[in-house]
file run30.cif (mmCIF, C-alpha atoms)
data_input
#
loop_
_atom_site.group_PDB
_atom_site.id
_atom_site.type_symbol
_atom_site.label_atom_id
_atom_site.label_comp_id
_atom_site.auth_asym_id
_atom_site.auth_seq_id
_atom_site.Cartn_x
_atom_site.Cartn_y
_atom_site.Cartn_z
ATOM 1 C CA MET G 1045 -31.560 -23.049 7.395
ATOM 2 C CA ASP G 1046 -34.976 -23.526 8.904
ATOM 3 C CA VAL G 1047 -37.330 -20.781 10.077
ATOM 4 C CA LYS G 1048 -36.809 -21.430 13.791
ATOM 5 C CA ARG G 1049 -33.035 -20.966 13.519
ATOM 6 C CA VAL G 1050 -33.473 -17.727 11.570
ATOM 7 C CA LYS G 1051 -35.979 -16.472 14.126
ATOM 8 C CA ASP G 1052 -33.634 -17.374 16.987
ATOM 9 C CA TYR G 1053 -30.718 -15.660 15.246
ATOM 10 C CA LEU G 1054 -32.716 -12.466 14.678
ATOM 11 C CA TYR G 1055 -33.828 -12.511 18.302
ATOM 12 C CA TRP G 1056 -30.189 -12.940 19.365
ATOM 13 C CA LEU G 1057 -29.121 -9.986 17.184
ATOM 14 C CA TYR G 1058 -31.841 -7.809 18.694
ATOM 15 C CA TYR G 1059 -30.778 -8.883 22.188
ATOM 16 C CA GLN G 1060 -27.166 -7.950 21.387
ATOM 17 C CA TYR G 1061 -28.366 -4.573 20.097
ATOM 18 C CA GLN G 1062 -30.239 -3.976 23.336
ATOM 19 C CA LEU G 1063 -27.219 -4.940 25.415
ATOM 20 C CA VAL G 1064 -24.816 -2.734 23.472
ATOM 21 C CA THR G 1065 -27.089 0.311 23.513
ATOM 22 C CA CYS G 1066 -28.398 -0.368 27.044
ATOM 23 C CA SER G 1067 -31.905 0.237 25.736
ATOM 24 C CA TYR G 1068 -33.314 -2.646 27.769
ATOM 25 C CA VAL G 1069 -33.323 -0.370 30.839
ATOM 26 C CA LEU G 1070 -35.585 2.209 29.161
ATOM 27 C CA GLU G 1071 -39.325 2.368 29.538
ATOM 28 C CA PRO G 1072 -41.387 1.230 26.520
ATOM 29 C CA TRP G 1073 -42.131 4.750 25.284
ATOM 30 C CA GLU G 1074 -38.452 5.680 25.680
ATOM 31 C CA GLN G 1075 -37.441 2.562 23.765
ATOM 32 C CA SER G 1076 -39.717 3.455 20.875
ATOM 33 C CA MET G 1077 -38.323 7.003 20.727
ATOM 34 C CA PHE G 1078 -34.753 5.699 20.936
ATOM 35 C CA HIS G 1079 -35.325 3.121 18.196
ATOM 36 C CA THR G 1080 -37.040 5.708 15.981
ATOM 37 C CA ILE G 1081 -34.137 8.128 16.308
ATOM 38 C CA THR G 1082 -31.582 5.364 15.759
ATOM 39 C CA VAL G 1083 -33.322 4.095 12.608
ATOM 40 C CA THR G 1084 -33.702 7.659 11.294
ATOM 41 C CA VAL G 1085 -30.012 8.449 11.777
ATOM 42 C CA LEU G 1086 -28.984 5.134 10.216
ATOM 43 C CA ALA G 1087 -31.244 5.765 7.217
ATOM 44 C CA MET G 1088 -29.769 9.243 6.734
ATOM 45 C CA VAL G 1089 -26.213 7.872 6.870
ATOM 46 C CA VAL G 1090 -27.010 5.162 4.296
ATOM 47 C CA TYR G 1091 -28.740 7.668 2.006
ATOM 48 C CA THR G 1092 -25.865 10.139 2.267
ATOM 49 C CA ALA G 1093 -23.331 7.421 1.482
ATOM 50 C CA TYR G 1094 -25.435 6.240 -1.468
ATOM 51 C CA VAL G 1095 -25.661 9.751 -2.914
ATOM 52 C CA PHE G 1096 -22.242 11.248 -2.206
ATOM 53 C CA VAL G 1097 -19.706 8.394 -2.202
ATOM 54 C CA PRO G 1098 -20.001 7.660 -5.960
ATOM 55 C CA ILE G 1099 -19.542 11.367 -6.740
ATOM 56 C CA HIS G 1100 -16.397 11.561 -4.608
ATOM 57 C CA VAL G 1101 -14.985 8.354 -6.107
ATOM 58 C CA ARG G 1102 -15.564 9.705 -9.634
ATOM 59 C CA LEU G 1103 -13.882 13.005 -8.752
ATOM 60 C CA ALA G 1104 -10.925 11.183 -7.179
ATOM 61 C CA LEU G 1105 -10.527 9.014 -10.291
ATOM 62 C CA GLU G 1106 -10.627 12.102 -12.518
ATOM 63 C CA PHE G 1107 -8.024 13.810 -10.313
ATOM 64 C CA PHE G 1108 -5.624 10.866 -10.337
ATOM 65 C CA SER G 1109 -6.096 10.262 -14.046
ATOM 66 C CA GLN G 1110 -5.026 13.889 -14.668
ATOM 67 C CA ILE G 1111 -1.935 13.397 -12.523
ATOM 68 C CA PHE G 1112 -0.845 9.943 -13.707
ATOM 69 C CA GLY G 1113 -2.435 9.903 -17.144
ATOM 70 C CA PRO G 1114 -5.310 7.779 -18.393
ATOM 71 C CA HIS G 1115 -3.474 4.435 -17.891
ATOM 72 C CA TRP G 1116 -1.936 4.195 -14.439
#

call {"tool": "encode", "arguments": {"input": "run30.cif", "output": "structure tokens"}}
result
Amino acid sequence: MDVKRVKDYLYWLYYQYQLVTCSYVLEPWEQSMFHTITVTVLAMVVYTAYVFVPIHVRLALEFFSQIFGPHW
């Protein structure tokens, strides 16, 4: 895949993002605030999933291994 196709694809993804969120109708300063908030919320969701999902999976496995035994 050449650089131009990757650049065009990334531009297309950003355009889709703007269409879905309707952020293309915002003023530039509003767009920057909107993008900052969106990236912050997305980062917090990814961090929370990274920290808490493995703990919950481990606890679920411990719970089911107590119910069904070590080899279910």

call {"tool": "atom_distance", "arguments": {"input": "run30.cif", "atom1": "atom CA of Gln1075 of chain G", "atom2": "atom CA of Trp1056 of chain G"}}
result
17.7 Å

call {"tool": "atom_distance", "arguments": {"input": "run30.cif", "atom1": "atom CA of Val1085 of chain G", "atom2": "atom CA of Tyr1053 of chain G"}}
result
24.4 Å

call {"tool": "atom_distance", "arguments": {"input": "run30.cif", "atom1": "atom CA of Gln1062 of chain G", "atom2": "atom CA of Ser1076 of chain G"}}
result
12.3 Å

call {"tool": "resolve_selection", "arguments": {"input": "run30.cif", "expression": "the PyMOL selection byres ((chain G and resi 1078-1080) around 12)", "output": "PyMOL selection string"}}
result
chain G and resi 1058+1061-1062+1065-1077+1081-1087
